[in-house]
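Printed here is input_9.cif (mmCIF, C-alpha atoms):
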```cif
data_start
loop_
_atom_site.label_atom_id
_atom_site.label_comp_id
_atom_site.auth_asym_id
_atom_site.auth_seq_id
_atom_site.Cartn_x
_atom_site.Cartn_y
_atom_site.Cartn_z
CA MET Z 1 21.58 17.74 -10.07
CA PRO Z 2 18.45 16.82 -12.06
CA ALA Z 3 15.25 18.63 -11.16
CA ALA Z 4 12.59 16.67 -9.33
CA SER Z 5 9.70 15.49 -11.45
CA CYS Z 6 6.12 16.19 -10.51
CA PRO Z 7 3.77 13.21 -10.90
CA PRO Z 8 0.07 13.96 -11.41
CA SER Z 9 -2.22 14.30 -8.39
CA SER Z 10 -4.39 11.41 -9.60
CA LEU Z 11 -3.47 8.24 -11.48
CA SER Z 12 -5.30 5.63 -13.54
CA HIS Z 13 -4.94 1.85 -13.24
CA GLU Z 14 -2.37 1.91 -16.07
CA ASP Z 15 -0.35 4.65 -14.33
CA ILE Z 16 -0.36 2.58 -11.12
CA ALA Z 17 0.70 -0.59 -12.95
CA ARG Z 18 3.75 1.24 -14.34
CA ARG Z 19 4.86 2.16 -10.81
CA ILE Z 20 4.45 -1.06 -8.82
CA PRO Z 21 5.71 -4.60 -9.42
CA HIS Z 22 2.23 -6.17 -9.49
CA ARG Z 23 1.10 -7.17 -12.98
CA GLY Z 24 -2.09 -8.29 -14.66
CA ARG Z 25 -4.96 -9.02 -12.31
CA MET Z 26 -2.62 -8.78 -9.33
CA CYS Z 27 -2.50 -4.99 -9.78
CA LEU Z 28 -5.59 -4.47 -7.62
CA LEU Z 29 -5.98 -0.68 -7.54
CA GLU Z 30 -8.19 1.18 -9.98
CA ARG Z 31 -7.02 4.73 -9.34
CA VAL Z 32 -5.19 7.11 -7.05
CA THR Z 33 -7.57 9.94 -6.20
CA SER Z 34 -5.11 12.09 -4.23
CA TRP Z 35 -1.73 11.98 -2.56
CA ASP Z 36 1.00 14.08 -0.98
CA SER Z 37 4.31 13.30 0.70
CA GLU Z 38 2.62 11.75 3.76
CA HIS Z 39 -0.75 10.37 2.52
CA ILE Z 40 -2.39 8.54 -0.35
CA ILE Z 41 -6.02 7.76 -1.17
CA CYS Z 42 -6.82 5.07 -3.73
CA GLU Z 43 -9.91 3.31 -5.05
CA ALA Z 44 -10.39 -0.30 -6.07
CA ILE Z 45 -13.14 -2.30 -7.73
CA SER Z 46 -11.21 -5.53 -8.33
CA HIS Z 47 -12.64 -7.02 -5.11
CA LEU Z 48 -15.94 -7.40 -7.03
CA ASP Z 49 -14.30 -9.46 -9.82
CA ALA Z 50 -15.01 -13.19 -9.61
CA GLY Z 51 -11.54 -13.69 -11.15
CA ASN Z 52 -9.73 -11.78 -8.40
CA PRO Z 53 -6.47 -13.69 -7.77
CA LEU Z 54 -6.85 -13.36 -3.99
CA ARG Z 55 -10.19 -15.18 -3.89
CA ALA Z 56 -10.21 -18.55 -2.13
CA HIS Z 57 -13.08 -20.99 -1.78
CA GLY Z 58 -15.37 -18.69 -3.76
CA ARG Z 59 -14.86 -15.65 -1.51
CA LEU Z 60 -12.54 -12.73 -0.81
CA GLY Z 61 -11.87 -12.49 2.90
CA ALA Z 62 -11.45 -9.13 4.62
CA ALA Z 63 -7.80 -9.85 5.48
CA CYS Z 64 -7.07 -9.51 1.74
CA GLY Z 65 -7.61 -5.79 2.30
CA ILE Z 66 -4.08 -5.75 3.71
CA GLU Z 67 -2.75 -6.46 0.20
CA TYR Z 68 -4.88 -3.64 -1.20
CA ALA Z 69 -3.43 -1.27 1.42
CA ALA Z 70 0.10 -2.55 0.73
CA GLN Z 71 -0.30 -1.72 -2.95
CA ALA Z 72 -1.44 1.79 -2.00
CA MET Z 73 1.75 2.10 0.09
CA ALA Z 74 3.83 0.88 -2.86
CA VAL Z 75 2.30 3.48 -5.18
CA HIS Z 76 2.86 6.14 -2.54
CA GLY Z 77 6.52 5.21 -2.23
CA ALA Z 78 6.97 5.33 -6.01
CA LEU Z 79 5.30 8.73 -6.25
CA VAL Z 80 7.36 10.20 -3.42
CA CYS Z 81 10.55 8.93 -5.08
CA GLU Z 82 9.52 10.56 -8.35
CA THR Z 83 9.17 13.94 -6.64
CA GLN Z 84 12.63 13.84 -5.08
CA ALA Z 85 15.73 14.90 -6.95
CA ALA Z 86 18.05 12.07 -7.89
CA SER Z 87 20.35 11.14 -5.02
CA PRO Z 88 23.64 9.19 -5.13
CA GLY Z 89 21.88 6.05 -3.86
CA GLY Z 90 18.91 6.47 -6.17
CA PRO Z 91 15.32 5.60 -5.32
CA PRO Z 92 14.45 2.39 -3.46
CA LYS Z 93 14.66 -0.65 -5.71
CA ALA Z 94 12.05 -2.61 -3.79
CA GLY Z 95 9.90 -2.49 -0.68
CA TYR Z 96 8.87 -5.48 1.39
CA LEU Z 97 5.92 -5.60 3.75
CA VAL Z 98 7.58 -7.10 6.82
CA SER Z 99 5.06 -6.54 9.58
CA VAL Z 100 1.42 -5.66 10.15
CA ARG Z 101 0.11 -4.77 13.59
CA ASP Z 102 -3.09 -3.72 15.25
CA VAL Z 103 -5.12 -5.05 12.33
CA ALA Z 104 -8.84 -4.80 13.02
CA LEU Z 105 -11.26 -6.53 10.65
CA HIS Z 106 -14.79 -5.15 10.87
CA VAL Z 107 -16.32 -7.38 8.17
CA ALA Z 108 -15.77 -10.97 7.11
CA ARG Z 109 -15.61 -10.41 3.34
CA LEU Z 110 -14.79 -7.76 0.76
CA ASP Z 111 -16.47 -9.29 -2.29
CA ASP Z 112 -20.07 -8.96 -1.13
CA LEU Z 113 -20.07 -5.19 -0.52
CA GLY Z 114 -21.24 -4.04 -3.97
CA MET Z 115 -19.33 -0.76 -3.88
CA PRO Z 116 -15.77 0.47 -4.49
CA LEU Z 117 -13.13 0.28 -1.80
CA THR Z 118 -11.36 3.42 -0.61
CA LEU Z 119 -7.84 2.81 0.66
CA ARG Z 120 -5.99 5.33 2.76
CA ALA Z 121 -2.37 5.07 3.86
CA GLU Z 122 -0.50 7.59 5.98
CA ARG Z 123 3.23 7.61 6.54
CA SER Z 124 3.72 7.84 10.32
CA SER Z 125 7.52 7.71 10.45
CA GLY Z 126 10.46 6.28 8.64
CA ASN Z 127 14.00 6.56 7.39
CA ALA Z 128 16.08 5.34 4.44
CA ALA Z 129 15.66 1.71 5.54
CA SER Z 130 12.01 1.44 6.61
CA ILE Z 131 8.67 3.22 6.76
CA LEU Z 132 5.76 2.87 9.18
CA TYR Z 133 2.32 3.39 7.63
CA GLY Z 134 -1.13 3.48 9.15
CA PHE Z 135 -3.88 2.27 6.80
CA THR Z 136 -7.65 1.98 6.50
CA VAL Z 137 -9.99 0.36 4.00
CA HIS Z 138 -13.53 1.72 3.64
CA ALA Z 139 -16.60 1.03 1.52
CA GLY Z 140 -18.53 4.28 1.52
CA ASP Z 141 -18.62 5.45 5.14
CA ALA Z 142 -18.12 1.94 6.56
CA LEU Z 143 -14.68 1.13 7.98
CA LEU Z 144 -13.81 -2.41 6.84
CA LEU Z 145 -10.31 -2.82 8.26
CA SER Z 146 -7.43 -0.82 9.68
CA GLY Z 147 -3.92 -1.37 10.91
CA ARG Z 148 -0.27 -0.40 10.75
CA ALA Z 149 2.44 -1.78 8.49
CA VAL Z 150 6.23 -1.68 8.33
CA VAL Z 151 7.80 -1.58 4.87
CA MET Z 152 11.53 -2.29 4.48
CA LEU Z 153 13.28 -0.55 1.57
CA ASP Z 154 16.15 -1.66 -0.68
CA THR Z 155 16.57 -5.01 0.96
CA VAL Z 156 15.83 -8.65 0.43
CA PRO Z 157 14.42 -11.02 3.05
CA VAL Z 158 17.28 -11.92 5.39
CA ASN Z 159 18.10 -13.79 8.55
CA PRO Z 160 16.24 -12.07 11.44
CA ALA Z 161 19.51 -11.86 13.42
CA SER Z 162 21.29 -9.86 10.69
CA PRO Z 163 21.97 -6.09 10.87
CA ALA Z 164 19.61 -5.47 7.92
CA ALA Z 165 16.73 -7.11 9.75
CA SER Z 166 17.30 -4.95 12.82
CA ALA Z 167 16.70 -1.78 10.75
CA ALA Z 168 12.96 -2.16 11.37
CA GLU Z 169 13.67 -1.72 15.06
CA SER Z 170 14.88 1.83 14.39
CA ILE Z 171 11.32 3.01 13.73
CA LYS Z 172 9.86 4.60 16.82
CA GLU Z 173 6.24 3.48 17.24
CA THR Z 174 3.77 5.20 19.49
CA PRO Z 175 1.27 3.04 21.37
#
```
Output the file's structure in the form of structure tokens.
Amino acid sequence: MPAASCPPSSLSHEDIARRIPHRGRMCLLERVTSWDSEHIICEAISHLDAGNPLRAHGRLGAACGIEYAAQAMAVHGALVCETQAASPGGPPKAGYLVSVRDVALHVARLDDLGMPLTLRAERSSGNAASILYGFTVHAGDALLLSGRAVVMLDTVPVNPASPAASAAESIKETP
């Protein structure tokens, strides 16, 4: 069995872009500052870019922070897979954000803050089919948004009545 690899504790924008499917300007994260098997902390400055692909009507709304957090979760998943020894099924081929809950927006916009974003994601529970993350987005000490997200692994969008879709139900959430 091959030995598990050990990714670095911090990553640059280029390192991130090699690990997630987002390309060009859609790769929103600037760096990973720290991570372990349950947590990741990332920074972003792309919210200050007038050419940000998520901008609409000349602004970047706070709800776009969910995409920033989702990219942090994607990097986390890739890093965790890199640390695990190869298994017969191999690492997840793709992850899909299928649900966000308890999202609280504390600001209207992200593009008028004038400082980097700090994104934190914490794996709360999960299995081979899905993962539940809690996430926050900060600018300095200010909490901008928070919530929870379910990510489905190794699947494609399917009919909600199918067995694959019911896998998300196997995650036990706490109120």
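Of the residues listed (Z:Ala50, Z:Leu144, Z:Ala72, Z:Leu110), Z:Ala72 shows the shortest atom-to-atom separation from Leu28 of chain Z; distances use all atoms listed in the file.
Using only C-alpha atoms for every distance, the candidate list Z:Arg148, Z:Arg25, Z:His39, Z:Arg19 yields Z:Arg25 as the residue closest to Leu54 of chain Z.
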Expand the PyMOL selection byres ((chain Z and resi 20) around 8) into the explicit residue set it covers here, and present it as an MDAnalysis selection string. chainID Z and resid 16:19 21:22 71 74:75 78
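If only C-alpha atoms are the atoms counted, then among Z:Leu153, Z:Ile66, Z:Met73, Z:Val80 the closest residue to Asn127 of chain Z is Z:Leu153.
One distance worth recording is that between atom CA of Ala44 of chain Z and atom CA of Ala129 of chain Z, which is 28.6 Å.
Note that the spacing between atom CA of Arg31 of chain Z and atom CA of Leu79 of chain Z amounts to 13.3 Å.
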Can you list what the PyMOL selection byres ((chain Z and resi 32) around 9) grabs from this structure, as a PDB file with C-alpha atoms, keeping the file's coordinate frame?
```
ATOM      1  CA  SER Z   9      -2.220  14.300  -8.390  1.00  0.00           C
ATOM      2  CA  SER Z  10      -4.390  11.410  -9.600  1.00  0.00           C
ATOM      3  CA  LEU Z  11      -3.470   8.240 -11.480  1.00  0.00           C
ATOM      4  CA  SER Z  12      -5.300   5.630 -13.540  1.00  0.00           C
ATOM      5  CA  HIS Z  13      -4.940   1.850 -13.240  1.00  0.00           C
ATOM      6  CA  ILE Z  16      -0.360   2.580 -11.120  1.00  0.00           C
ATOM      7  CA  LEU Z  29      -5.980  -0.680  -7.540  1.00  0.00           C
ATOM      8  CA  GLU Z  30      -8.190   1.180  -9.980  1.00  0.00           C
ATOM      9  CA  ARG Z  31      -7.020   4.730  -9.340  1.00  0.00           C
ATOM     10  CA  THR Z  33      -7.570   9.940  -6.200  1.00  0.00           C
ATOM     11  CA  SER Z  34      -5.110  12.090  -4.230  1.00  0.00           C
ATOM     12  CA  TRP Z  35      -1.730  11.980  -2.560  1.00  0.00           C
ATOM     13  CA  ILE Z  40      -2.390   8.540  -0.350  1.00  0.00           C
ATOM     14  CA  ILE Z  41      -6.020   7.760  -1.170  1.00  0.00           C
ATOM     15  CA  CYS Z  42      -6.820   5.070  -3.730  1.00  0.00           C
ATOM     16  CA  GLU Z  43      -9.910   3.310  -5.050  1.00  0.00           C
ATOM     17  CA  ALA Z  72      -1.440   1.790  -2.000  1.00  0.00           C
ATOM     18  CA  VAL Z  75       2.300   3.480  -5.180  1.00  0.00           C
TER      19      VAL Z  75
END
```
query = Written as an NGL selection string, what is the full residue list that the PyMOL selection byres ((chain Z and resi 130-136) around 7) yields on the file shown?
reply = :Z and (69 or 119-129 or 137-138 or 145-153 or 168)
Write the residues you've just listed into a file as a compact mmCIF listing (two decimals), in the frame of the given file, and include C-alpha atoms for each of them.
```txt
# COMPACT_ATOMS: atom_id res chain seq x y z
CA ALA Z 69 -3.43 -1.27 1.42
CA LEU Z 119 -7.84 2.81 0.66
CA ARG Z 120 -5.99 5.33 2.76
CA ALA Z 121 -2.37 5.07 3.86
CA GLU Z 122 -0.50 7.59 5.98
CA ARG Z 123 3.23 7.61 6.54
CA SER Z 124 3.72 7.84 10.32
CA SER Z 125 7.52 7.71 10.45
CA GLY Z 126 10.46 6.28 8.64
CA ASN Z 127 14.00 6.56 7.39
CA ALA Z 128 16.08 5.34 4.44
CA ALA Z 129 15.66 1.71 5.54
CA VAL Z 137 -9.99 0.36 4.00
CA HIS Z 138 -13.53 1.72 3.64
CA LEU Z 145 -10.31 -2.82 8.26
CA SER Z 146 -7.43 -0.82 9.68
CA GLY Z 147 -3.92 -1.37 10.91
CA ARG Z 148 -0.27 -0.40 10.75
CA ALA Z 149 2.44 -1.78 8.49
CA VAL Z 150 6.23 -1.68 8.33
CA VAL Z 151 7.80 -1.58 4.87
CA MET Z 152 11.53 -2.29 4.48
CA LEU Z 153 13.28 -0.55 1.57
CA ALA Z 168 12.96 -2.16 11.37
```
Of Z:Cys6, Z:Leu143, Z:Ala94, Z:Leu60, the one sitting nearest Arg109 of chain Z when using all atoms listed in the file is Z:Leu60
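The spacing separating atom CA of Gly140 of chain Z from atom CA of Thr118 of chain Z amounts to 7.5 Å.
Among the candidates Z:Cys27, Z:Asn52, Z:Ile45, Z:Asp102, the one nearest to Ala70 of chain Z when counting all atoms listed in the file is Z:Cys27.
Selecting by distance to (-21.8, -0.3, -0.7) with a limit of 9 Å and using all atoms listed in the file, one obtains Z:Asp112, Z:Leu113, Z:Gly114, Z:Met115, Z:Pro116, Z:Leu117, Z:Ala139, Z:Gly140, Z:Asp141, Z:Ala142.
Of the residues under consideration (Z:Asp36, Z:Asp154, Z:Asp15, Z:Glu67), Z:Asp36 shows the shortest atom-to-atom contact distance to Thr83 of chain Z when counting all atoms listed in the file.
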With N, CA, C and O atoms as the target, complete segment 127-140 of chain Z and hand it back as a tab-separated table (two decimals), in the coordinates of the input.
```tsv
chain	number	residue	atom	x	y	z
Z	127	ASN	N	12.66	6.13	7.73
Z	127	ASN	CA	14.00	6.56	7.39
Z	127	ASN	C	14.38	5.90	6.07
Z	127	ASN	O	13.51	5.38	5.38
Z	128	ALA	N	15.65	5.90	5.72
Z	128	ALA	CA	16.08	5.34	4.44
Z	128	ALA	C	15.91	3.83	4.37
Z	128	ALA	O	15.89	3.26	3.29
Z	129	ALA	N	15.76	3.17	5.51
Z	129	ALA	CA	15.66	1.71	5.54
Z	129	ALA	C	14.23	1.20	5.69
Z	129	ALA	O	13.92	0.10	5.23
Z	130	SER	N	13.36	1.95	6.35
Z	130	SER	CA	12.01	1.44	6.61
Z	130	SER	C	11.02	2.58	6.83
Z	130	SER	O	11.40	3.69	7.18
Z	131	ILE	N	9.75	2.25	6.60
Z	131	ILE	CA	8.67	3.22	6.76
Z	131	ILE	C	7.54	2.56	7.55
Z	131	ILE	O	7.22	1.40	7.31
Z	132	LEU	N	6.94	3.32	8.45
Z	132	LEU	CA	5.76	2.87	9.18
Z	132	LEU	C	4.55	3.60	8.61
Z	132	LEU	O	4.53	4.84	8.55
Z	133	TYR	N	3.57	2.84	8.15
Z	133	TYR	CA	2.32	3.39	7.63
Z	133	TYR	C	1.15	2.97	8.51
Z	133	TYR	O	1.14	1.85	9.03
Z	134	GLY	N	0.17	3.85	8.63
Z	134	GLY	CA	-1.13	3.48	9.15
Z	134	GLY	C	-2.05	3.36	7.93
Z	134	GLY	O	-1.86	4.09	6.95
Z	135	PHE	N	-3.00	2.44	7.96
Z	135	PHE	CA	-3.88	2.27	6.80
Z	135	PHE	C	-5.31	1.96	7.22
Z	135	PHE	O	-5.56	1.43	8.31
Z	136	THR	N	-6.24	2.33	6.34
Z	136	THR	CA	-7.65	1.98	6.50
Z	136	THR	C	-8.21	1.58	5.15
Z	136	THR	O	-7.73	2.02	4.10
Z	137	VAL	N	-9.23	0.74	5.19
Z	137	VAL	CA	-9.99	0.36	4.00
Z	137	VAL	C	-11.45	0.60	4.33
Z	137	VAL	O	-11.95	0.11	5.35
Z	138	HIS	N	-12.12	1.37	3.46
Z	138	HIS	CA	-13.53	1.72	3.64
Z	138	HIS	C	-14.34	1.29	2.41
Z	138	HIS	O	-13.80	1.20	1.32
Z	139	ALA	N	-15.62	1.11	2.60
Z	139	ALA	CA	-16.60	1.03	1.52
Z	139	ALA	C	-17.65	2.07	1.89
Z	139	ALA	O	-18.35	1.92	2.90
Z	140	GLY	N	-17.69	3.16	1.12
Z	140	GLY	CA	-18.53	4.28	1.52
Z	140	GLY	C	-18.06	4.80	2.86
Z	140	GLY	O	-16.86	4.99	3.07
```
